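Shown next: structure_24.pdb, given as PDB, N, CA and C atoms.
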ATOM      1  N   MET A 430     161.934 -46.706 -22.306
ATOM      2  CA  MET A 430     161.714 -46.745 -20.869
ATOM      3  C   MET A 430     160.261 -46.426 -20.547
ATOM      4  N   ALA A 431     159.973 -46.421 -19.275
ATOM      5  CA  ALA A 431     158.590 -46.259 -18.850
ATOM      6  C   ALA A 431     158.524 -45.467 -17.549
ATOM      7  N   VAL A 432     157.311 -45.200 -17.143
ATOM      8  CA  VAL A 432     157.011 -44.607 -15.845
ATOM      9  C   VAL A 432     156.420 -45.715 -14.982
ATOM     10  N   THR A 433     156.872 -45.821 -13.745
ATOM     11  CA  THR A 433     156.322 -46.803 -12.815
ATOM     12  C   THR A 433     155.317 -46.112 -11.905
ATOM     13  N   ILE A 434     154.111 -46.664 -11.859
ATOM     14  CA  ILE A 434     153.064 -46.165 -10.962
ATOM     15  C   ILE A 434     153.000 -47.086  -9.756
ATOM     16  N   HIS A 435     153.121 -46.508  -8.558
ATOM     17  CA  HIS A 435     153.032 -47.261  -7.303
ATOM     18  C   HIS A 435     151.681 -46.966  -6.651
ATOM     19  N   PHE A 436     150.969 -48.012  -6.297
ATOM     20  CA  PHE A 436     149.671 -47.903  -5.631
ATOM     21  C   PHE A 436     149.886 -48.158  -4.141
ATOM     22  N   LEU A 437     149.484 -47.229  -3.295
ATOM     23  CA  LEU A 437     149.712 -47.355  -1.861
ATOM     24  C   LEU A 437     148.396 -47.483  -1.105
ATOM     25  N   GLY A 438     148.454 -48.187   0.030
ATOM     26  CA  GLY A 438     147.297 -48.328   0.909
ATOM     27  C   GLY A 438     146.087 -48.901   0.209
ATOM     28  N   PRO A 439     144.912 -48.312   0.466
ATOM     29  CA  PRO A 439     143.678 -48.839  -0.124
ATOM     30  C   PRO A 439     143.644 -48.727  -1.648
ATOM     31  N   LEU A 440     144.450 -47.840  -2.213
ATOM     32  CA  LEU A 440     144.507 -47.751  -3.675
ATOM     33  C   LEU A 440     145.120 -49.011  -4.270
ATOM     34  N   ARG A 441     146.016 -49.641  -3.518
ATOM     35  CA  ARG A 441     146.610 -50.916  -3.939
ATOM     36  C   ARG A 441     145.520 -51.987  -4.018
ATOM     37  N   ASP A 442     144.644 -51.990  -3.040
ATOM     38  CA  ASP A 442     143.551 -52.968  -3.043
ATOM     39  C   ASP A 442     142.615 -52.743  -4.234
ATOM     40  N   LEU A 443     142.300 -51.479  -4.526
ATOM     41  CA  LEU A 443     141.430 -51.176  -5.661
ATOM     42  C   LEU A 443     142.077 -51.554  -6.991
ATOM     43  N   ALA A 444     143.391 -51.333  -7.091
ATOM     44  CA  ALA A 444     144.110 -51.633  -8.336
ATOM     45  C   ALA A 444     144.358 -53.129  -8.500
ATOM     46  N   GLY A 445     144.464 -53.832  -7.373
ATOM     47  CA  GLY A 445     144.766 -55.257  -7.431
ATOM     48  C   GLY A 445     146.228 -55.539  -7.720
ATOM     49  N   MET A 446     147.077 -54.534  -7.503
ATOM     50  CA  MET A 446     148.520 -54.695  -7.742
ATOM     51  C   MET A 446     149.273 -53.634  -6.954
ATOM     52  N   ASP A 447     150.565 -53.881  -6.767
ATOM     53  CA  ASP A 447     151.425 -52.929  -6.065
ATOM     54  C   ASP A 447     151.916 -51.818  -6.980
ATOM     55  N   ARG A 448     152.184 -52.188  -8.239
ATOM     56  CA  ARG A 448     152.719 -51.203  -9.182
ATOM     57  C   ARG A 448     152.497 -51.693 -10.603
ATOM     58  N   CYS A 449     152.646 -50.761 -11.531
ATOM     59  CA  CYS A 449     152.601 -51.102 -12.949
ATOM     60  C   CYS A 449     153.474 -50.116 -13.713
ATOM     61  N   ASP A 450     153.926 -50.536 -14.865
ATOM     62  CA  ASP A 450     154.723 -49.685 -15.741
ATOM     63  C   ASP A 450     153.870 -49.260 -16.923
ATOM     64  N   VAL A 451     153.951 -47.981 -17.262
ATOM     65  CA  VAL A 451     153.234 -47.440 -18.412
ATOM     66  C   VAL A 451     154.213 -46.654 -19.271
ATOM     67  N   GLU A 452     153.841 -46.459 -20.507
ATOM     68  CA  GLU A 452     154.702 -45.748 -21.440
ATOM     69  C   GLU A 452     154.842 -44.277 -21.048
ATOM     70  N   ALA A 453     156.059 -43.769 -21.164
ATOM     71  CA  ALA A 453     156.334 -42.356 -20.890
ATOM     72  C   ALA A 453     156.210 -41.567 -22.189
ATOM     73  N   PRO A 454     155.953 -40.287 -22.096
ATOM     74  CA  PRO A 454     155.651 -39.500 -20.903
ATOM     75  C   PRO A 454     154.224 -39.771 -20.419
ATOM     76  N   LEU A 455     153.964 -39.376 -19.178
ATOM     77  CA  LEU A 455     152.662 -39.616 -18.555
ATOM     78  C   LEU A 455     152.141 -38.316 -17.971
ATOM     79  N   ASP A 456     150.954 -37.907 -18.407
ATOM     80  CA  ASP A 456     150.315 -36.719 -17.835
ATOM     81  C   ASP A 456     149.074 -37.157 -17.049
ATOM     82  N   TRP A 457     148.339 -36.180 -16.537
ATOM     83  CA  TRP A 457     147.165 -36.456 -15.701
ATOM     84  C   TRP A 457     146.135 -37.315 -16.443
ATOM     85  N   ALA A 458     145.796 -36.933 -17.663
ATOM     86  CA  ALA A 458     144.810 -37.697 -18.432
ATOM     87  C   ALA A 458     145.311 -39.109 -18.697
ATOM     88  N   GLY A 459     146.588 -39.247 -19.001
ATOM     89  CA  GLY A 459     147.164 -40.566 -19.227
ATOM     90  C   GLY A 459     147.145 -41.418 -17.977
ATOM     91  N   LEU A 460     147.373 -40.784 -16.827
ATOM     92  CA  LEU A 460     147.317 -41.519 -15.554
ATOM     93  C   LEU A 460     145.909 -42.055 -15.318
ATOM     94  N   LEU A 461     144.916 -41.213 -15.508
ATOM     95  CA  LEU A 461     143.535 -41.656 -15.304
ATOM     96  C   LEU A 461     143.164 -42.788 -16.247
ATOM     97  N   ASP A 462     143.685 -42.749 -17.477
ATOM     98  CA  ASP A 462     143.426 -43.816 -18.439
ATOM     99  C   ASP A 462     144.180 -45.098 -18.098
ATOM    100  N   ALA A 463     145.345 -44.971 -17.455
ATOM    101  CA  ALA A 463     146.221 -46.119 -17.200
ATOM    102  C   ALA A 463     145.782 -46.964 -16.006
ATOM    103  N   VAL A 464     145.014 -46.368 -15.098
ATOM    104  CA  VAL A 464     144.623 -47.097 -13.889
ATOM    105  C   VAL A 464     143.185 -47.584 -14.016
ATOM    106  N   ALA A 465     142.826 -48.537 -13.175
ATOM    107  CA  ALA A 465     141.459 -49.063 -13.165
ATOM    108  C   ALA A 465     140.470 -47.957 -12.798
ATOM    109  N   ALA A 466     139.255 -48.068 -13.293
ATOM    110  CA  ALA A 466     138.226 -47.049 -13.064
ATOM    111  C   ALA A 466     138.032 -46.699 -11.591
ATOM    112  N   PRO A 467     138.005 -47.681 -10.670
ATOM    113  CA  PRO A 467     137.835 -47.317  -9.257
ATOM    114  C   PRO A 467     139.003 -46.482  -8.720
ATOM    115  N   VAL A 468     140.207 -46.733  -9.223
ATOM    116  CA  VAL A 468     141.373 -45.948  -8.797
ATOM    117  C   VAL A 468     141.269 -44.541  -9.382
ATOM    118  N   ALA A 469     140.915 -44.435 -10.647
ATOM    119  CA  ALA A 469     140.758 -43.122 -11.286
ATOM    120  C   ALA A 469     139.729 -42.280 -10.543
ATOM    121  N   GLU A 470     138.642 -42.923 -10.116
ATOM    122  CA  GLU A 470     137.612 -42.212  -9.361
ATOM    123  C   GLU A 470     138.189 -41.662  -8.060
ATOM    124  N   GLN A 471     138.982 -42.449  -7.370
ATOM    125  CA  GLN A 471     139.604 -41.997  -6.126
ATOM    126  C   GLN A 471     140.611 -40.872  -6.375
ATOM    127  N   LEU A 472     141.340 -40.944  -7.485
ATOM    128  CA  LEU A 472     142.334 -39.914  -7.793
ATOM    129  C   LEU A 472     141.689 -38.543  -7.969
ATOM    130  N   ARG A 473     140.460 -38.516  -8.372
ATOM    131  CA  ARG A 473     139.754 -37.234  -8.547
ATOM    132  C   ARG A 473     139.413 -36.578  -7.215
ATOM    133  N   ASN A 474     139.484 -37.342  -6.132
ATOM    134  CA  ASN A 474     139.232 -36.826  -4.792
ATOM    135  C   ASN A 474     140.389 -35.911  -4.395
ATOM    136  N   GLU A 475     140.074 -34.722  -3.904
ATOM    137  CA  GLU A 475     141.129 -33.766  -3.555
ATOM    138  C   GLU A 475     142.029 -34.248  -2.420
ATOM    139  N   ARG A 476     141.577 -35.197  -1.623
ATOM    140  CA  ARG A 476     142.392 -35.696  -0.506
ATOM    141  C   ARG A 476     143.418 -36.737  -0.940
ATOM    142  N   VAL A 477     143.315 -37.235  -2.156
ATOM    143  CA  VAL A 477     144.284 -38.192  -2.684
ATOM    144  C   VAL A 477     145.376 -37.398  -3.393
ATOM    145  N   ASN A 478     146.619 -37.663  -3.014
ATOM    146  CA  ASN A 478     147.746 -36.937  -3.586
ATOM    147  C   ASN A 478     148.524 -37.804  -4.564
ATOM    148  N   VAL A 479     149.309 -37.131  -5.392
ATOM    149  CA  VAL A 479     150.165 -37.795  -6.361
ATOM    150  C   VAL A 479     151.575 -37.249  -6.175
ATOM    151  N   ALA A 480     152.537 -38.155  -6.110
ATOM    152  CA  ALA A 480     153.945 -37.762  -6.045
ATOM    153  C   ALA A 480     154.623 -38.222  -7.324
ATOM    154  N   CYS A 481     155.532 -37.398  -7.819
ATOM    155  CA  CYS A 481     156.288 -37.737  -9.017
ATOM    156  C   CYS A 481     157.755 -37.453  -8.747
ATOM    157  N   ALA A 482     158.585 -38.452  -8.995
ATOM    158  CA  ALA A 482     160.030 -38.319  -8.791
ATOM    159  C   ALA A 482     160.349 -37.865  -7.366
ATOM    160  N   GLY A 483     159.602 -38.401  -6.401
ATOM    161  CA  GLY A 483     159.885 -38.139  -4.996
ATOM    162  C   GLY A 483     159.288 -36.870  -4.427
ATOM    163  N   ARG A 484     158.509 -36.133  -5.210
ATOM    164  CA  ARG A 484     157.910 -34.890  -4.721
ATOM    165  C   ARG A 484     156.394 -34.941  -4.858
ATOM    166  N   VAL A 485     155.706 -34.589  -3.776
ATOM    167  CA  VAL A 485     154.246 -34.522  -3.826
ATOM    168  C   VAL A 485     153.869 -33.285  -4.635
ATOM    169  N   LEU A 486     153.002 -33.484  -5.614
ATOM    170  CA  LEU A 486     152.593 -32.389  -6.483
ATOM    171  C   LEU A 486     151.535 -31.536  -5.804
ATOM    172  N   SER A 487     151.720 -30.226  -5.825
ATOM    173  CA  SER A 487     150.703 -29.334  -5.259
ATOM    174  C   SER A 487     149.458 -29.308  -6.142
ATOM    175  N   ASP A 488     149.638 -29.536  -7.445
ATOM    176  CA  ASP A 488     148.527 -29.649  -8.393
ATOM    177  C   ASP A 488     148.724 -30.946  -9.166
ATOM    178  N   LYS A 489     148.036 -31.988  -8.744
ATOM    179  CA  LYS A 489     148.258 -33.304  -9.355
ATOM    180  C   LYS A 489     147.864 -33.331 -10.824
ATOM    181  N   THR A 490     146.989 -32.424 -11.252
ATOM    182  CA  THR A 490     146.609 -32.393 -12.656
ATOM    183  C   THR A 490     147.728 -31.844 -13.539
ATOM    184  N   ALA A 491     148.790 -31.325 -12.925
ATOM    185  CA  ALA A 491     149.955 -30.834 -13.668
ATOM    186  C   ALA A 491     151.014 -31.929 -13.832
ATOM    187  N   LEU A 492     150.652 -33.163 -13.533
ATOM    188  CA  LEU A 492     151.586 -34.285 -13.645
ATOM    189  C   LEU A 492     152.204 -34.337 -15.039
ATOM    190  N   HIS A 493     153.517 -34.488 -15.064
ATOM    191  CA  HIS A 493     154.239 -34.682 -16.323
ATOM    192  C   HIS A 493     155.446 -35.562 -16.021
ATOM    193  N   ALA A 494     155.230 -36.868 -15.976
ATOM    194  CA  ALA A 494     156.281 -37.829 -15.649
ATOM    195  C   ALA A 494     157.030 -38.231 -16.917
ATOM    196  N   GLN A 495     158.335 -38.350 -16.787
ATOM    197  CA  GLN A 495     159.220 -38.691 -17.903
ATOM    198  C   GLN A 495     159.767 -40.107 -17.736
ATOM    199  N   ASP A 496     160.499 -40.572 -18.748
ATOM    200  CA  ASP A 496     161.148 -41.888 -18.693
ATOM    201  C   ASP A 496     161.892 -42.072 -17.378
ATOM    202  N   GLY A 497     161.641 -43.185 -16.712
ATOM    203  CA  GLY A 497     162.341 -43.524 -15.489
ATOM    204  C   GLY A 497     161.739 -42.946 -14.223
ATOM    205  N   ASP A 498     160.763 -42.038 -14.343
ATOM    206  CA  ASP A 498     160.130 -41.464 -13.150
ATOM    207  C   ASP A 498     159.244 -42.496 -12.471
ATOM    208  N   GLU A 499     159.086 -42.295 -11.168
ATOM    209  CA  GLU A 499     158.147 -43.090 -10.387
ATOM    210  C   GLU A 499     157.039 -42.175  -9.919
ATOM    211  N   VAL A 500     155.802 -42.621 -10.087
ATOM    212  CA  VAL A 500     154.622 -41.883  -9.658
ATOM    213  C   VAL A 500     153.971 -42.693  -8.542
ATOM    214  N   ALA A 501     153.784 -42.055  -7.392
ATOM    215  CA  ALA A 501     153.145 -42.722  -6.259
ATOM    216  C   ALA A 501     151.761 -42.120  -6.044
ATOM    217  N   LEU A 502     150.781 -42.984  -5.904
ATOM    218  CA  LEU A 502     149.412 -42.563  -5.627
ATOM    219  C   LEU A 502     149.183 -42.694  -4.135
ATOM    220  N   LEU A 503     148.951 -41.552  -3.475
ATOM    221  CA  LEU A 503     148.933 -41.476  -2.022
ATOM    222  C   LEU A 503     147.517 -41.274  -1.499
ATOM    223  N   PRO A 504     146.956 -42.280  -0.838
ATOM    224  CA  PRO A 504     145.610 -42.146  -0.299
ATOM    225  C   PRO A 504     145.606 -41.171   0.875
ATOM    226  N   PRO A 505     144.433 -40.700   1.274
ATOM    227  CA  PRO A 505     144.354 -39.827   2.447
ATOM    228  C   PRO A 505     144.909 -40.533   3.674
ATOM    229  N   VAL A 506     145.556 -39.765   4.509
ATOM    230  CA  VAL A 506     146.124 -40.316   5.734
ATOM    231  C   VAL A 506     145.148 -40.051   6.870
ATOM    232  N   SER A 507     144.903 -41.093   7.645
ATOM    233  CA  SER A 507     144.054 -40.902   8.832
ATOM    234  C   SER A 507     144.851 -41.337  10.048
ATOM    235  N   GLY A 508     144.466 -40.841  11.142
ATOM    236  CA  GLY A 508     145.187 -41.210  12.364
ATOM    237  C   GLY A 508     144.501 -40.610  13.567
ATOM    238  N   GLY A 509     145.101 -40.835  14.674
ATOM    239  CA  GLY A 509     144.470 -40.284  15.869
ATOM    240  C   GLY A 509     145.382 -40.359  17.035
TER     241      GLY A 509
END

Taking this structure as input, can you express it in the form of structure tokens?
Amino acid sequence: MAVTIHFLGPLRDLAGMDRCDVEAPLDWAGLLDAVAAPVAEQLRNERVNVACAGRVLSDKTALHAQDGDEVALLPPVSGG
């Protein structure tokens, strides 16, 4: 099985895709290696969040996704 990475908002545009599957398990370093360089650069921004298995991680560098998990890359939210 694998981990599915979902790219949301402008991160989808940078990745050039909606989602991709990568081999499990997946940690922070593996995530940065699995995505395109422009996406990895954005992930290092503290305003970009990562959710795993439906929960937003308080420390995205503690990511540890297992077989069948979905990881969502959440860009900063703006509004007014």

Worksheet entry | Test item: residues at most 8 Å from stretch 460-465 of chain A, only C-alpha atoms, excluding those fewer than 3 positions along its chain, as a PyMOL selection string | chain A and resi 443-444+451+455-457+468-469+472

As a PDB file with N, CA and C atoms, in the frame of the given file, which residues of chain A does DSSP assign to strand (DSSP E)?
ATOM      1  N   ALA A 431     159.973 -46.421 -19.275  1.00  0.00           N
ATOM      2  CA  ALA A 431     158.590 -46.259 -18.850  1.00  0.00           C
ATOM      3  C   ALA A 431     158.524 -45.467 -17.549  1.00  0.00           C
ATOM      4  N   VAL A 432     157.311 -45.200 -17.143  1.00  0.00           N
ATOM      5  CA  VAL A 432     157.011 -44.607 -15.845  1.00  0.00           C
ATOM      6  C   VAL A 432     156.420 -45.715 -14.982  1.00  0.00           C
ATOM      7  N   THR A 433     156.872 -45.821 -13.745  1.00  0.00           N
ATOM      8  CA  THR A 433     156.322 -46.803 -12.815  1.00  0.00           C
ATOM      9  C   THR A 433     155.317 -46.112 -11.905  1.00  0.00           C
ATOM     10  N   ILE A 434     154.111 -46.664 -11.859  1.00  0.00           N
ATOM     11  CA  ILE A 434     153.064 -46.165 -10.962  1.00  0.00           C
ATOM     12  C   ILE A 434     153.000 -47.086  -9.756  1.00  0.00           C
ATOM     13  N   HIS A 435     153.121 -46.508  -8.558  1.00  0.00           N
ATOM     14  CA  HIS A 435     153.032 -47.261  -7.303  1.00  0.00           C
ATOM     15  C   HIS A 435     151.681 -46.966  -6.651  1.00  0.00           C
ATOM     16  N   PHE A 436     150.969 -48.012  -6.297  1.00  0.00           N
ATOM     17  CA  PHE A 436     149.671 -47.903  -5.631  1.00  0.00           C
ATOM     18  C   PHE A 436     149.886 -48.158  -4.141  1.00  0.00           C
ATOM     19  N   ARG A 448     152.184 -52.188  -8.239  1.00  0.00           N
ATOM     20  CA  ARG A 448     152.719 -51.203  -9.182  1.00  0.00           C
ATOM     21  C   ARG A 448     152.497 -51.693 -10.603  1.00  0.00           C
ATOM     22  N   CYS A 449     152.646 -50.761 -11.531  1.00  0.00           N
ATOM     23  CA  CYS A 449     152.601 -51.102 -12.949  1.00  0.00           C
ATOM     24  C   CYS A 449     153.474 -50.116 -13.713  1.00  0.00           C
ATOM     25  N   ASP A 450     153.926 -50.536 -14.865  1.00  0.00           N
ATOM     26  CA  ASP A 450     154.723 -49.685 -15.741  1.00  0.00           C
ATOM     27  C   ASP A 450     153.870 -49.260 -16.923  1.00  0.00           C
ATOM     28  N   VAL A 451     153.951 -47.981 -17.262  1.00  0.00           N
ATOM     29  CA  VAL A 451     153.234 -47.440 -18.412  1.00  0.00           C
ATOM     30  C   VAL A 451     154.213 -46.654 -19.271  1.00  0.00           C
ATOM     31  N   GLU A 452     153.841 -46.459 -20.507  1.00  0.00           N
ATOM     32  CA  GLU A 452     154.702 -45.748 -21.440  1.00  0.00           C
ATOM     33  C   GLU A 452     154.842 -44.277 -21.048  1.00  0.00           C
ATOM     34  N   LEU A 455     153.964 -39.376 -19.178  1.00  0.00           N
ATOM     35  CA  LEU A 455     152.662 -39.616 -18.555  1.00  0.00           C
ATOM     36  C   LEU A 455     152.141 -38.316 -17.971  1.00  0.00           C
ATOM     37  N   ASP A 456     150.954 -37.907 -18.407  1.00  0.00           N
ATOM     38  CA  ASP A 456     150.315 -36.719 -17.835  1.00  0.00           C
ATOM     39  C   ASP A 456     149.074 -37.157 -17.049  1.00  0.00           C
ATOM     40  N   ASN A 478     146.619 -37.663  -3.014  1.00  0.00           N
ATOM     41  CA  ASN A 478     147.746 -36.937  -3.586  1.00  0.00           C
ATOM     42  C   ASN A 478     148.524 -37.804  -4.564  1.00  0.00           C
ATOM     43  N   VAL A 479     149.309 -37.131  -5.392  1.00  0.00           N
ATOM     44  CA  VAL A 479     150.165 -37.795  -6.361  1.00  0.00           C
ATOM     45  C   VAL A 479     151.575 -37.249  -6.175  1.00  0.00           C
ATOM     46  N   ALA A 480     152.537 -38.155  -6.110  1.00  0.00           N
ATOM     47  CA  ALA A 480     153.945 -37.762  -6.045  1.00  0.00           C
ATOM     48  C   ALA A 480     154.623 -38.222  -7.324  1.00  0.00           C
ATOM     49  N   CYS A 481     155.532 -37.398  -7.819  1.00  0.00           N
ATOM     50  CA  CYS A 481     156.288 -37.737  -9.017  1.00  0.00           C
ATOM     51  C   CYS A 481     157.755 -37.453  -8.747  1.00  0.00           C
ATOM     52  N   ARG A 484     158.509 -36.133  -5.210  1.00  0.00           N
ATOM     53  CA  ARG A 484     157.910 -34.890  -4.721  1.00  0.00           C
ATOM     54  C   ARG A 484     156.394 -34.941  -4.858  1.00  0.00           C
ATOM     55  N   VAL A 485     155.706 -34.589  -3.776  1.00  0.00           N
ATOM     56  CA  VAL A 485     154.246 -34.522  -3.826  1.00  0.00           C
ATOM     57  C   VAL A 485     153.869 -33.285  -4.635  1.00  0.00           C
ATOM     58  N   HIS A 493     153.517 -34.488 -15.064  1.00  0.00           N
ATOM     59  CA  HIS A 493     154.239 -34.682 -16.323  1.00  0.00           C
ATOM     60  C   HIS A 493     155.446 -35.562 -16.021  1.00  0.00           C
ATOM     61  N   ALA A 494     155.230 -36.868 -15.976  1.00  0.00           N
ATOM     62  CA  ALA A 494     156.281 -37.829 -15.649  1.00  0.00           C
ATOM     63  C   ALA A 494     157.030 -38.231 -16.917  1.00  0.00           C
ATOM     64  N   GLU A 499     159.086 -42.295 -11.168  1.00  0.00           N
ATOM     65  CA  GLU A 499     158.147 -43.090 -10.387  1.00  0.00           C
ATOM     66  C   GLU A 499     157.039 -42.175  -9.919  1.00  0.00           C
ATOM     67  N   VAL A 500     155.802 -42.621 -10.087  1.00  0.00           N
ATOM     68  CA  VAL A 500     154.622 -41.883  -9.658  1.00  0.00           C
ATOM     69  C   VAL A 500     153.971 -42.693  -8.542  1.00  0.00           C
ATOM     70  N   ALA A 501     153.784 -42.055  -7.392  1.00  0.00           N
ATOM     71  CA  ALA A 501     153.145 -42.722  -6.259  1.00  0.00           C
ATOM     72  C   ALA A 501     151.761 -42.120  -6.044  1.00  0.00           C
ATOM     73  N   LEU A 502     150.781 -42.984  -5.904  1.00  0.00           N
ATOM     74  CA  LEU A 502     149.412 -42.563  -5.627  1.00  0.00           C
ATOM     75  C   LEU A 502     149.183 -42.694  -4.135  1.00  0.00           C
ATOM     76  N   LEU A 503     148.951 -41.552  -3.475  1.00  0.00           N
ATOM     77  CA  LEU A 503     148.933 -41.476  -2.022  1.00  0.00           C
ATOM     78  C   LEU A 503     147.517 -41.274  -1.499  1.00  0.00           C
TER      79      LEU A 503
END

Fill in: Backbone DSSP call of alpha helix (DSSP H) for stretch 452-494 of chain A, listed as an NGL selection string
:A and (457-463 or 466-472)

Worksheet item: A:Arg484: which residues within 8 Å, counting only N, CA and C atoms, same-chain residues fewer than 4 positions away excluded, as a ChimeraX atom specification?
Response: /A:479-480,499,501

Those same residues, written as a compact mmCIF listing (two decimals), keeping the file's coordinate frame with N, CA and C atoms?
# COMPACT_ATOMS: atom_id res chain seq x y z
N VAL A 479 149.31 -37.13 -5.39
CA VAL A 479 150.16 -37.80 -6.36
C VAL A 479 151.57 -37.25 -6.18
N ALA A 480 152.54 -38.16 -6.11
CA ALA A 480 153.94 -37.76 -6.04
C ALA A 480 154.62 -38.22 -7.32
N GLU A 499 159.09 -42.30 -11.17
CA GLU A 499 158.15 -43.09 -10.39
C GLU A 499 157.04 -42.18 -9.92
N ALA A 501 153.78 -42.06 -7.39
CA ALA A 501 153.15 -42.72 -6.26
C ALA A 501 151.76 -42.12 -6.04

Fill in: Pairwise distance for atom CA of A:Ala494 and atom CA of A:Gly438, rounded to one decimal in Å
21.6 Å

Item to complete: Determine the nearest neighbour of A:Val432 from the options A:Cys481, A:Val506, A:Ala466, A:Ala458, counting only C-alpha atoms.
Response: A:Cys481

Fill in: For A:Asp496, the nearest of the candidates A:Met446, A:Ala453, A:Ala482, A:Val477, counting all atoms listed in the file
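With all atoms listed in the file as the atom set, the closest residue is A:Ala453.
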